[in-house]
Amino acid sequence: MGRWRAEVGTARSVTTDVDLRDAARLCAIDPVASVLAAARIESSLASGAVRAGSTIWGYERDGQLGALCWAGANLVPVCAPDDDAALDAFAETALRQGRRCSSIVGGAEQVLGLWERLEPSWGPARDVRPDQHSLMTDRLSAVSPDPAVRLAEPAELGVILPACVQMFVEEVGYSPLQGAPGAYEARVKTLIGERRSFVRIDRGASGPEVVFKAELGAVGAGVAQVQGVWVEPGRRGRGLSVQGMAAVVALTLGTVAPVVSLYVNGYNTRALAAYARVGFRRVGTYATVLF
């Protein structure tokens, strides 16, 4: 994977008149680190858009796009780790507009550098996760995939949604149905409809129940980022996550993207060991600031 190198030149202020094609090329420098922004940029390009508008803050040097920050529900900085000028510019823009995002997420040095600038005005955060291992694989797992893991069907939304909610509560600490429950349900429904939701559904005592699930939360720059990995609590410790993720990798490579990635908290040693068994290797560090 590529690595950023800070450019030298005459700095200019943030612009929102960013050519989406230039933004996509910038993300391609380190596609695993940039996939969250790349997915949104490619979606805009696919819809026929050419210029970004207010959702991308661009930072230029000598007339060339040198860094960007996706500014939507999340702030996603895409720049060299040591690009202090770009981070300064993004922070100034964020402070001027006020906080509109629910998180800052991306490469650890970029996220933590941006947060250092924003914390005096935006803090305290609800949670800061500074050490999230960025993992990837571009090959089939040596582990036999779980043959029961498959793409979810739209008719299964009612079975899948409760599992998604439980995963979210375990991971983030509150229900995604608070405030605007329809938005989260729509997100789950969209992922199922786009064939990015993987499940194993077994027959339980009271009917069908999800025992394993995962989604491709972002696809861009040739990378599919897995999110929302979850095993039903009563089935944990039986290797379902390892075989389930092996199946997700097999179902994703070649048909969705040539690289599968994810990120996981550094303290989650059990998950890290499971992903290592599947064949994932570390390529960097993410960080997340949650509000």
# chains A, B, ... in the order shown; residues from 1 in each chain; ligands from 1
$ closest_atom_pairs --of "stretch 66-163 of chain A" --to "stretch 215-232 of chain A" --cutoff "12 Å" --atoms "only C-alpha atoms" --output "Markdown table"
| residue | atom | partner | partner_atom | distance |
| --- | --- | --- | --- | --- |
| A:Ser134 | CA | A:Gln225 | CA | 10.1 |
| A:Leu135 | CA | A:Gln225 | CA | 9.5 |
| A:Met136 | CA | A:Gln225 | CA | 8.7 |
| A:Thr137 | CA | A:Val223 | CA | 9.8 |
| A:Asp138 | CA | A:Val223 | CA | 9.4 |
| A:Val149 | CA | A:Glu215 | CA | 11.9 |
| A:Arg150 | CA | A:Glu215 | CA | 11.2 |
| A:Leu151 | CA | A:Glu215 | CA | 9.6 |
| A:Ala152 | CA | A:Glu215 | CA | 9.8 |
| A:Ile160 | CA | A:Trp230 | CA | 11.3 |
| A:Leu161 | CA | A:Gly228 | CA | 11.8 |
| A:Pro162 | CA | A:Glu232 | CA | 11.0 |
| A:Ala163 | CA | A:Glu232 | CA | 7.8 |
$ write_last_selection --atoms "C-alpha atoms" --output "PDB file, in the first residue's frame"
ATOM      1  CA  SER A 134      -6.077  -1.372  10.264  1.00  0.00           C
ATOM      2  CA  LEU A 135      -6.091  -4.847   8.725  1.00  0.00           C
ATOM      3  CA  MET A 136      -6.362  -6.136   5.156  1.00  0.00           C
ATOM      4  CA  THR A 137      -6.245  -9.273   3.063  1.00  0.00           C
ATOM      5  CA  ASP A 138      -6.168  -9.815  -0.665  1.00  0.00           C
ATOM      6  CA  VAL A 149     -22.877 -17.613   5.627  1.00  0.00           C
ATOM      7  CA  ARG A 150     -24.526 -15.939   2.648  1.00  0.00           C
ATOM      8  CA  LEU A 151     -25.888 -12.679   1.337  1.00  0.00           C
ATOM      9  CA  ALA A 152     -28.900 -11.404   3.264  1.00  0.00           C
ATOM     10  CA  ILE A 160     -31.457  -8.874  10.800  1.00  0.00           C
ATOM     11  CA  LEU A 161     -32.265  -5.425  12.205  1.00  0.00           C
ATOM     12  CA  PRO A 162     -32.352  -6.500  15.898  1.00  0.00           C
ATOM     13  CA  ALA A 163     -28.921  -8.123  15.526  1.00  0.00           C
TER      14      ALA A 163
END
$ select_by_dssp --residues "stretch 25-139 of chain A" --states "strand (DSSP E)" --output "ChimeraX atom specification"
/A:56-61,64-71,74-78,103-107,127-137
$ residues_around --residues "A:Ala73" --least-positions-apart "5" --cutoff "9 Å" --atoms "only C-alpha atoms" --output "list of chain:residue names"
A:Arg100, A:Cys101, A:Ser102, A:Ser103
$ write_last_selection --atoms "N, CA, C and O atoms" --output "mmCIF file, in the first residue's frame"
data_model
loop_
_atom_site.group_PDB
_atom_site.id
_atom_site.type_symbol
_atom_site.label_atom_id
_atom_site.label_comp_id
_atom_site.auth_asym_id
_atom_site.auth_seq_id
_atom_site.Cartn_x
_atom_site.Cartn_y
_atom_site.Cartn_z
ATOM 1 N N ARG A 100 -20.930 19.363 13.194
ATOM 2 C CA ARG A 100 -22.093 18.772 12.546
ATOM 3 C C ARG A 100 -21.967 17.261 12.401
ATOM 4 O O ARG A 100 -22.856 16.619 11.869
ATOM 5 N N CYS A 101 -20.858 16.713 12.841
ATOM 6 C CA CYS A 101 -20.566 15.292 12.627
ATOM 7 C C CYS A 101 -20.766 14.500 13.917
ATOM 8 O O CYS A 101 -20.748 15.062 15.014
ATOM 9 N N SER A 102 -20.909 13.187 13.766
ATOM 10 C CA SER A 102 -21.034 12.304 14.932
ATOM 11 C C SER A 102 -19.708 11.677 15.310
ATOM 12 O O SER A 102 -19.578 11.096 16.393
ATOM 13 N N SER A 103 -18.709 11.778 14.424
ATOM 14 C CA SER A 103 -17.401 11.202 14.722
ATOM 15 C C SER A 103 -16.351 11.788 13.794
ATOM 16 O O SER A 103 -16.669 12.393 12.764
#
$ residues_around --residues "A:Pro130" --least-positions-apart "2" --cutoff "7 Å" --atoms "only C-alpha atoms" --output "PyMOL selection string"
chain A and resi 108+128+132+287-288
$ write_last_selection --atoms "C-alpha atoms" --output "PDB file, in the first residue's frame"
ATOM      1  CA  ALA A 108      -4.750   7.694  13.448  1.00  0.00           C
ATOM      2  CA  VAL A 128     -11.551   8.519  21.828  1.00  0.00           C
ATOM      3  CA  GLN A 132      -7.409   0.720  16.088  1.00  0.00           C
ATOM      4  CA  ALA A 287      -8.428   6.249  15.249  1.00  0.00           C
ATOM      5  CA  THR A 288     -11.989   7.268  16.017  1.00  0.00           C
TER       6      THR A 288
END
$ atom_distance --atom1 "atom CA of A:Thr285" --atom2 "atom CA of A:Asp82"
14.7 Å
$ residues_around --residues "A:Leu68" --least-positions-apart "6" --cutoff "12 Å" --atoms "only C-alpha atoms" --output "compact mmCIF listing (two decimals) with all heavy atoms, in the first residue's frame"
# COMPACT_ATOMS: atom_id res chain seq x y z
N SER A 13 -6.08 28.33 1.05
CA SER A 13 -7.12 28.00 2.01
C SER A 13 -7.99 26.87 1.49
O SER A 13 -7.89 26.46 0.33
CB SER A 13 -7.98 29.25 2.28
OG SER A 13 -8.58 29.68 1.08
N VAL A 14 -8.87 26.37 2.35
CA VAL A 14 -9.76 25.28 2.00
C VAL A 14 -10.73 25.72 0.92
O VAL A 14 -11.26 26.83 0.93
CB VAL A 14 -10.53 24.82 3.26
CG1 VAL A 14 -11.75 23.99 2.89
CG2 VAL A 14 -9.61 24.01 4.16
N THR A 15 -10.97 24.83 -0.05
CA THR A 15 -11.94 25.06 -1.10
C THR A 15 -12.96 23.93 -1.10
O THR A 15 -12.63 22.79 -0.76
CB THR A 15 -11.27 25.14 -2.48
OG1 THR A 15 -12.28 25.31 -3.49
CG2 THR A 15 -10.46 23.89 -2.79
N THR A 16 -14.19 24.23 -1.48
CA THR A 16 -15.20 23.20 -1.65
C THR A 16 -15.48 22.93 -3.12
O THR A 16 -16.33 22.10 -3.45
CB THR A 16 -16.52 23.59 -0.94
OG1 THR A 16 -16.95 24.86 -1.43
CG2 THR A 16 -16.32 23.66 0.56
N ASP A 17 -14.75 23.61 -3.99
CA ASP A 17 -14.90 23.39 -5.43
C ASP A 17 -13.88 22.36 -5.89
O ASP A 17 -12.99 22.64 -6.70
CB ASP A 17 -14.72 24.71 -6.20
CG ASP A 17 -15.03 24.56 -7.68
OD1 ASP A 17 -15.90 23.73 -8.02
OD2 ASP A 17 -14.40 25.26 -8.49
N VAL A 18 -14.02 21.14 -5.36
CA VAL A 18 -13.06 20.08 -5.61
C VAL A 18 -13.55 19.20 -6.76
O VAL A 18 -14.70 18.78 -6.79
CB VAL A 18 -12.85 19.22 -4.35
CG1 VAL A 18 -11.96 18.01 -4.64
CG2 VAL A 18 -12.25 20.06 -3.23
N ASP A 19 -12.65 18.93 -7.70
CA ASP A 19 -12.96 17.99 -8.77
C ASP A 19 -12.94 16.58 -8.16
O ASP A 19 -11.94 16.14 -7.60
CB ASP A 19 -11.91 18.11 -9.88
CG ASP A 19 -12.26 17.28 -11.11
OD1 ASP A 19 -12.61 16.09 -10.95
OD2 ASP A 19 -12.15 17.81 -12.22
N LEU A 20 -14.06 15.88 -8.27
CA LEU A 20 -14.17 14.56 -7.65
C LEU A 20 -13.16 13.57 -8.22
O LEU A 20 -12.72 12.66 -7.52
CB LEU A 20 -15.58 14.02 -7.83
CG LEU A 20 -16.66 14.71 -6.99
CD1 LEU A 20 -18.06 14.31 -7.48
CD2 LEU A 20 -16.51 14.36 -5.52
N ASP A 22 -10.08 14.30 -9.07
CA ASP A 22 -8.84 14.57 -8.34
C ASP A 22 -8.91 13.99 -6.93
O ASP A 22 -7.93 13.45 -6.42
CB ASP A 22 -8.58 16.08 -8.26
CG ASP A 22 -8.24 16.69 -9.60
OD1 ASP A 22 -7.80 15.95 -10.50
OD2 ASP A 22 -8.40 17.92 -9.75
N ALA A 23 -10.09 14.10 -6.31
CA ALA A 23 -10.26 13.54 -4.97
C ALA A 23 -10.09 12.02 -4.98
O ALA A 23 -9.46 11.45 -4.09
CB ALA A 23 -11.64 13.92 -4.43
N ALA A 24 -10.63 11.37 -6.01
CA ALA A 24 -10.49 9.91 -6.11
C ALA A 24 -9.03 9.52 -6.28
O ALA A 24 -8.56 8.53 -5.70
CB ALA A 24 -11.33 9.38 -7.26
N ARG A 25 -8.29 10.29 -7.08
CA ARG A 25 -6.86 9.98 -7.27
C ARG A 25 -6.08 10.17 -5.97
O ARG A 25 -5.16 9.40 -5.68
CB ARG A 25 -6.30 10.87 -8.38
CG ARG A 25 -6.70 10.43 -9.79
CD ARG A 25 -5.91 11.16 -10.83
NE ARG A 25 -6.35 12.55 -10.98
CZ ARG A 25 -7.29 12.95 -11.85
NH1 ARG A 25 -7.88 12.07 -12.64
NH2 ARG A 25 -7.62 14.22 -11.93
N LEU A 26 -6.46 11.15 -5.19
CA LEU A 26 -5.78 11.36 -3.91
C LEU A 26 -6.03 10.19 -2.97
O LEU A 26 -5.12 9.70 -2.29
CB LEU A 26 -6.28 12.67 -3.28
CG LEU A 26 -5.50 13.21 -2.09
CD1 LEU A 26 -4.08 13.58 -2.47
CD2 LEU A 26 -6.22 14.41 -1.49
N CYS A 27 -7.26 9.69 -2.94
CA CYS A 27 -7.59 8.55 -2.09
C CYS A 27 -6.83 7.30 -2.51
O CYS A 27 -6.52 6.43 -1.69
CB CYS A 27 -9.08 8.28 -2.11
SG CYS A 27 -10.08 9.52 -1.25
N SER A 34 -7.98 5.36 3.14
CA SER A 34 -8.89 6.37 2.60
C SER A 34 -10.24 5.83 2.18
O SER A 34 -11.05 6.57 1.64
CB SER A 34 -8.23 7.03 1.38
OG SER A 34 -6.96 7.54 1.68
N ALA A 37 -13.65 7.76 2.74
CA ALA A 37 -13.87 8.91 1.86
C ALA A 37 -14.04 8.48 0.42
O ALA A 37 -14.90 8.98 -0.30
CB ALA A 37 -12.71 9.90 1.99
N ALA A 38 -13.22 7.52 -0.02
CA ALA A 38 -13.27 7.07 -1.41
C ALA A 38 -14.64 6.52 -1.77
O ALA A 38 -15.13 6.72 -2.89
CB ALA A 38 -12.19 6.01 -1.66
N ILE A 41 -16.92 9.41 -2.45
CA ILE A 41 -16.51 10.11 -3.66
C ILE A 41 -16.92 9.33 -4.90
O ILE A 41 -17.47 9.89 -5.85
CB ILE A 41 -14.98 10.35 -3.63
CG1 ILE A 41 -14.65 11.39 -2.55
CG2 ILE A 41 -14.47 10.80 -4.99
CD1 ILE A 41 -13.19 11.43 -2.18
N ALA A 52 -17.42 18.49 -6.02
CA ALA A 52 -17.79 17.92 -4.73
C ALA A 52 -18.83 18.74 -3.98
O ALA A 52 -19.73 18.19 -3.36
CB ALA A 52 -16.55 17.76 -3.86
N SER A 54 -20.03 21.12 -0.79
CA SER A 54 -19.65 21.33 0.60
C SER A 54 -19.26 20.07 1.34
O SER A 54 -18.77 20.14 2.47
CB SER A 54 -20.81 22.01 1.35
OG SER A 54 -21.96 21.19 1.33
N THR A 55 -19.47 18.89 0.75
CA THR A 55 -19.14 17.65 1.46
C THR A 55 -17.65 17.33 1.46
O THR A 55 -17.22 16.43 2.17
CB THR A 55 -19.90 16.46 0.85
OG1 THR A 55 -19.63 16.41 -0.55
CG2 THR A 55 -21.39 16.58 1.10
N ILE A 56 -16.87 18.03 0.65
CA ILE A 56 -15.41 17.82 0.66
C ILE A 56 -14.72 19.16 0.85
O ILE A 56 -14.99 20.12 0.13
CB ILE A 56 -14.92 17.16 -0.64
CG1 ILE A 56 -15.42 15.73 -0.74
CG2 ILE A 56 -13.39 17.16 -0.70
CD1 ILE A 56 -14.94 15.00 -1.97
N TRP A 57 -13.83 19.21 1.82
CA TRP A 57 -12.95 20.35 1.99
C TRP A 57 -11.62 20.00 1.33
O TRP A 57 -10.96 19.03 1.73
CB TRP A 57 -12.71 20.65 3.47
CG TRP A 57 -13.97 20.88 4.26
CD1 TRP A 57 -15.19 21.25 3.78
CD2 TRP A 57 -14.12 20.72 5.67
NE1 TRP A 57 -16.10 21.34 4.80
CE2 TRP A 57 -15.48 21.03 5.98
CE3 TRP A 57 -13.27 20.37 6.70
CZ2 TRP A 57 -15.97 20.99 7.27
CZ3 TRP A 57 -13.76 20.31 8.00
CH2 TRP A 57 -15.10 20.63 8.28
N GLY A 58 -11.24 20.74 0.34
CA GLY A 58 -9.99 20.48 -0.35
C GLY A 58 -8.92 21.47 0.06
O GLY A 58 -9.19 22.65 0.31
N TYR A 59 -7.69 20.99 0.14
CA TYR A 59 -6.56 21.84 0.46
C TYR A 59 -5.56 21.76 -0.68
O TYR A 59 -5.09 20.67 -1.03
CB TYR A 59 -5.89 21.39 1.77
CG TYR A 59 -4.79 22.32 2.24
CD1 TYR A 59 -5.11 23.53 2.85
CD2 TYR A 59 -3.47 21.99 2.06
CE1 TYR A 59 -4.11 24.39 3.28
CE2 TYR A 59 -2.46 22.84 2.48
CZ TYR A 59 -2.78 24.04 3.08
OH TYR A 59 -1.80 24.89 3.49
N GLU A 60 -5.27 22.89 -1.30
CA GLU A 60 -4.45 22.91 -2.51
C GLU A 60 -3.08 23.51 -2.27
O GLU A 60 -2.90 24.37 -1.41
CB GLU A 60 -5.16 23.71 -3.61
CG GLU A 60 -6.47 23.10 -4.06
CD GLU A 60 -7.11 23.87 -5.20
OE1 GLU A 60 -6.73 25.06 -5.40
OE2 GLU A 60 -7.99 23.31 -5.89
N ARG A 61 -2.13 23.02 -3.07
CA ARG A 61 -0.79 23.61 -3.13
C ARG A 61 -0.44 23.80 -4.59
O ARG A 61 -0.51 22.83 -5.36
CB ARG A 61 0.24 22.69 -2.47
CG ARG A 61 0.10 22.57 -0.96
CD ARG A 61 1.23 21.71 -0.38
NE ARG A 61 1.13 21.62 1.06
CZ ARG A 61 0.38 20.74 1.71
NH1 ARG A 61 -0.34 19.87 1.02
NH2 ARG A 61 0.34 20.71 3.02
N LEU A 75 -16.34 13.20 9.96
CA LEU A 75 -15.20 13.89 9.37
C LEU A 75 -14.13 12.85 9.08
O LEU A 75 -13.76 12.08 9.97
CB LEU A 75 -14.62 14.95 10.31
CG LEU A 75 -15.35 16.28 10.45
CD1 LEU A 75 -14.53 17.21 11.34
CD2 LEU A 75 -15.62 16.93 9.12
N VAL A 76 -13.66 12.81 7.82
CA VAL A 76 -12.65 11.83 7.42
C VAL A 76 -11.50 12.58 6.76
O VAL A 76 -11.57 12.91 5.57
CB VAL A 76 -13.23 10.78 6.46
CG1 VAL A 76 -12.17 9.72 6.13
CG2 VAL A 76 -14.49 10.13 7.02
N PRO A 77 -10.43 12.88 7.49
CA PRO A 77 -9.29 13.57 6.87
C PRO A 77 -8.46 12.63 6.02
O PRO A 77 -8.17 11.50 6.43
CB PRO A 77 -8.49 14.08 8.09
CG PRO A 77 -8.83 13.12 9.19
CD PRO A 77 -10.24 12.66 8.94
N VAL A 78 -8.07 13.08 4.85
CA VAL A 78 -7.25 12.30 3.93
C VAL A 78 -6.05 13.16 3.56
O VAL A 78 -6.16 14.07 2.74
CB VAL A 78 -8.03 11.89 2.66
CG1 VAL A 78 -7.13 11.11 1.70
CG2 VAL A 78 -9.25 11.06 3.03
N CYS A 79 -4.93 12.90 4.20
CA CYS A 79 -3.73 13.71 3.96
C CYS A 79 -2.52 12.98 4.53
O CYS A 79 -2.65 11.92 5.15
CB CYS A 79 -3.86 15.10 4.61
SG CYS A 79 -4.03 15.08 6.41
N ALA A 80 -1.35 13.54 4.30
CA ALA A 80 -0.14 12.98 4.89
C ALA A 80 -0.20 13.13 6.41
O ALA A 80 -0.75 14.10 6.92
CB ALA A 80 1.09 13.70 4.35
N ASP A 83 1.09 16.50 7.60
CA ASP A 83 0.63 17.68 6.86
C ASP A 83 -0.08 18.63 7.81
O ASP A 83 -1.31 18.76 7.82
CB ASP A 83 -0.28 17.26 5.71
CG ASP A 83 -0.49 18.38 4.70
OD1 ASP A 83 -0.23 19.54 5.04
OD2 ASP A 83 -0.90 18.08 3.56
N ALA A 85 -0.21 21.86 7.86
CA ALA A 85 -0.91 22.98 7.23
C ALA A 85 -2.33 22.58 6.84
O ALA A 85 -3.28 23.34 7.04
CB ALA A 85 -0.13 23.46 6.01
N ALA A 86 -2.48 21.38 6.27
CA ALA A 86 -3.81 20.92 5.87
C ALA A 86 -4.69 20.70 7.11
O ALA A 86 -5.86 21.08 7.13
CB ALA A 86 -3.71 19.64 5.06
N LEU A 87 -4.13 20.09 8.15
CA LEU A 87 -4.91 19.85 9.36
C LEU A 87 -5.31 21.17 10.01
O LEU A 87 -6.42 21.31 10.54
CB LEU A 87 -4.12 18.99 10.34
CG LEU A 87 -3.90 17.53 9.90
CD1 LEU A 87 -2.99 16.81 10.89
CD2 LEU A 87 -5.22 16.78 9.75
N ALA A 89 -5.90 23.93 8.40
CA ALA A 89 -6.96 24.48 7.55
C ALA A 89 -8.28 23.76 7.80
O ALA A 89 -9.35 24.38 7.87
CB ALA A 89 -6.56 24.39 6.09
N PHE A 90 -8.23 22.43 7.91
CA PHE A 90 -9.46 21.67 8.15
C PHE A 90 -10.05 22.03 9.52
O PHE A 90 -11.27 22.15 9.67
CB PHE A 90 -9.19 20.17 8.07
CG PHE A 90 -8.76 19.70 6.71
CD1 PHE A 90 -7.93 18.58 6.59
CD2 PHE A 90 -9.16 20.35 5.56
CE1 PHE A 90 -7.53 18.13 5.34
CE2 PHE A 90 -8.76 19.91 4.30
CZ PHE A 90 -7.94 18.80 4.19
N ALA A 91 -9.18 22.17 10.52
CA ALA A 91 -9.66 22.53 11.86
C ALA A 91 -10.31 23.90 11.86
O ALA A 91 -11.37 24.11 12.47
CB ALA A 91 -8.51 22.48 12.86
N THR A 93 -11.78 25.37 9.40
CA THR A 93 -13.07 25.25 8.72
C THR A 93 -14.10 24.62 9.63
O THR A 93 -15.25 25.07 9.71
CB THR A 93 -12.92 24.43 7.43
OG1 THR A 93 -11.95 25.04 6.59
CG2 THR A 93 -14.24 24.33 6.68
N GLN A 110 -3.75 11.45 11.45
CA GLN A 110 -4.56 12.53 10.91
C GLN A 110 -5.73 12.85 11.84
O GLN A 110 -6.02 14.02 12.14
CB GLN A 110 -5.07 12.16 9.52
CG GLN A 110 -3.99 12.01 8.47
CD GLN A 110 -3.39 10.62 8.40
OE1 GLN A 110 -3.40 9.86 9.37
NE2 GLN A 110 -2.88 10.26 7.23
$ select_by_dssp --residues "stretch 18-154 of chain A" --states "helix (DSSP H, G or I)" --output "PyMOL selection string"
chain A and resi 20-27+31-46+53-55+84-97+108-122+154
$ atom_distance --atom1 "atom CA of A:Val264" --atom2 "atom CA of A:Arg282"
10.3 Å
$ residues_around --residues "stretch 178-185 of chain A" --least-positions-apart "4" --cutoff "12 Å" --atoms "only C-alpha atoms" --output "list in words"
Leu157, Gly158, Val159, Ile160, Leu161, Pro162, Ala163, Cys164, Val165, Phe168, Val169, Gly173, Tyr174, Lys189, Thr190, Leu191 and Ile192 of chain A
$ write_last_selection --atoms "all heavy atoms" --output "compact mmCIF listing (two decimals), in the first residue's frame"
# COMPACT_ATOMS: atom_id res chain seq x y z
N LEU A 157 -35.12 -8.48 6.64
CA LEU A 157 -34.81 -7.27 7.39
C LEU A 157 -35.28 -7.35 8.83
O LEU A 157 -34.57 -6.95 9.77
CB LEU A 157 -35.43 -6.05 6.71
CG LEU A 157 -35.28 -4.70 7.44
CD1 LEU A 157 -33.80 -4.32 7.54
CD2 LEU A 157 -36.07 -3.62 6.72
N GLY A 158 -36.49 -7.86 9.06
CA GLY A 158 -37.02 -7.94 10.41
C GLY A 158 -36.24 -8.84 11.33
O GLY A 158 -36.25 -8.64 12.55
N VAL A 159 -35.54 -9.82 10.79
CA VAL A 159 -34.69 -10.70 11.59
C VAL A 159 -33.31 -10.09 11.80
O VAL A 159 -32.71 -10.20 12.87
CB VAL A 159 -34.55 -12.08 10.90
CG1 VAL A 159 -33.61 -12.99 11.68
CG2 VAL A 159 -35.92 -12.74 10.76
N ILE A 160 -32.82 -9.40 10.77
CA ILE A 160 -31.46 -8.87 10.80
C ILE A 160 -31.35 -7.59 11.62
O ILE A 160 -30.36 -7.37 12.33
CB ILE A 160 -30.97 -8.65 9.36
CG1 ILE A 160 -30.87 -9.99 8.63
CG2 ILE A 160 -29.63 -7.92 9.33
CD1 ILE A 160 -30.67 -9.87 7.13
N LEU A 161 -32.35 -6.73 11.54
CA LEU A 161 -32.27 -5.43 12.21
C LEU A 161 -31.99 -5.54 13.71
O LEU A 161 -31.12 -4.82 14.22
CB LEU A 161 -33.54 -4.62 11.94
CG LEU A 161 -33.57 -3.21 12.54
CD1 LEU A 161 -32.42 -2.35 11.99
CD2 LEU A 161 -34.91 -2.54 12.28
N PRO A 162 -32.67 -6.41 14.46
CA PRO A 162 -32.35 -6.50 15.90
C PRO A 162 -30.90 -6.88 16.17
O PRO A 162 -30.30 -6.39 17.13
CB PRO A 162 -33.32 -7.58 16.40
CG PRO A 162 -34.45 -7.55 15.43
CD PRO A 162 -33.81 -7.26 14.11
N ALA A 163 -30.33 -7.75 15.35
CA ALA A 163 -28.92 -8.12 15.53
C ALA A 163 -28.02 -6.92 15.27
O ALA A 163 -27.02 -6.71 15.98
CB ALA A 163 -28.56 -9.28 14.59
N CYS A 164 -28.36 -6.13 14.25
CA CYS A 164 -27.57 -4.93 13.95
C CYS A 164 -27.64 -3.93 15.10
O CYS A 164 -26.64 -3.33 15.47
CB CYS A 164 -28.08 -4.29 12.66
SG CYS A 164 -27.80 -5.25 11.17
N VAL A 165 -28.82 -3.77 15.67
CA VAL A 165 -28.98 -2.86 16.80
C VAL A 165 -28.16 -3.34 17.99
O VAL A 165 -27.46 -2.55 18.65
CB VAL A 165 -30.47 -2.72 17.17
CG1 VAL A 165 -30.63 -1.96 18.49
CG2 VAL A 165 -31.24 -2.02 16.06
N PHE A 168 -24.51 -2.65 17.47
CA PHE A 168 -24.23 -1.22 17.62
C PHE A 168 -24.16 -0.83 19.10
O PHE A 168 -23.24 -0.12 19.52
CB PHE A 168 -25.32 -0.42 16.90
CG PHE A 168 -25.01 1.04 16.73
CD1 PHE A 168 -24.53 1.53 15.53
CD2 PHE A 168 -25.21 1.93 17.77
CE1 PHE A 168 -24.25 2.88 15.38
CE2 PHE A 168 -24.93 3.28 17.63
CZ PHE A 168 -24.45 3.76 16.42
N VAL A 169 -25.11 -1.31 19.88
CA VAL A 169 -25.11 -1.00 21.31
C VAL A 169 -23.85 -1.52 21.98
O VAL A 169 -23.22 -0.83 22.79
CB VAL A 169 -26.37 -1.58 21.99
CG1 VAL A 169 -26.28 -1.43 23.51
CG2 VAL A 169 -27.62 -0.88 21.46
N GLY A 173 -22.28 1.87 22.59
CA GLY A 173 -22.75 2.19 23.93
C GLY A 173 -24.14 2.78 24.01
O GLY A 173 -24.63 3.07 25.11
N TYR A 174 -24.80 2.98 22.90
CA TYR A 174 -26.18 3.46 22.92
C TYR A 174 -26.90 2.91 21.69
O TYR A 174 -26.26 2.45 20.74
CB TYR A 174 -26.25 4.99 22.93
CG TYR A 174 -25.72 5.66 21.68
CD1 TYR A 174 -26.57 5.94 20.61
CD2 TYR A 174 -24.38 6.02 21.57
CE1 TYR A 174 -26.10 6.55 19.46
CE2 TYR A 174 -23.90 6.63 20.42
CZ TYR A 174 -24.77 6.89 19.37
OH TYR A 174 -24.29 7.49 18.23
N LYS A 189 -31.31 -1.59 5.59
CA LYS A 189 -32.07 -2.00 4.41
C LYS A 189 -31.27 -1.76 3.13
O LYS A 189 -31.26 -2.59 2.21
CB LYS A 189 -33.40 -1.26 4.36
CG LYS A 189 -34.32 -1.68 3.24
CD LYS A 189 -35.65 -0.95 3.33
CE LYS A 189 -36.60 -1.39 2.22
NZ LYS A 189 -37.91 -0.68 2.33
N THR A 190 -30.60 -0.61 3.07
CA THR A 190 -29.79 -0.29 1.89
C THR A 190 -28.64 -1.28 1.71
O THR A 190 -28.38 -1.74 0.59
CB THR A 190 -29.23 1.14 2.00
OG1 THR A 190 -30.33 2.07 2.00
CG2 THR A 190 -28.30 1.46 0.84
N LEU A 191 -27.96 -1.61 2.79
CA LEU A 191 -26.85 -2.55 2.69
C LEU A 191 -27.33 -3.92 2.22
O LEU A 191 -26.66 -4.58 1.42
CB LEU A 191 -26.14 -2.67 4.05
CG LEU A 191 -25.32 -1.46 4.47
CD1 LEU A 191 -24.87 -1.60 5.92
CD2 LEU A 191 -24.11 -1.27 3.56
N ILE A 192 -28.50 -4.34 2.69
CA ILE A 192 -29.05 -5.60 2.22
C ILE A 192 -29.36 -5.51 0.73
O ILE A 192 -29.03 -6.40 -0.05
CB ILE A 192 -30.31 -5.98 3.02
CG1 ILE A 192 -29.95 -6.27 4.48
CG2 ILE A 192 -30.99 -7.21 2.40
CD1 ILE A 192 -31.16 -6.47 5.38
$ residues_around --residues "stretch 235-248 of chain A" --least-positions-apart "6" --cutoff "12 Å" --atoms "only C-alpha atoms" --output "PyMOL selection string"
chain A and resi 137-152+195-202+204+209-216+224-229+254-257+259-262+270-280
$ atom_distance --atom1 "atom CA of A:Leu36" --atom2 "atom CA of A:Arg281"
19.1 Å
$ closest_residue --among "A:Gly234, A:Gly107, A:Pro208, A:Pro154" --to "A:Pro31" --atoms "only C-alpha atoms"
A:Gly107
$ closest_residue --among "A:Glu92, A:Glu153, A:Asp127, A:Glu116" --to "A:Glu194" --atoms "only C-alpha atoms"
A:Glu153
$ closest_residue --among "A:Glu156, A:Asp131, A:Asp84, A:Asp62" --to "A:Val105" --atoms "only C-alpha atoms"
A:Asp131
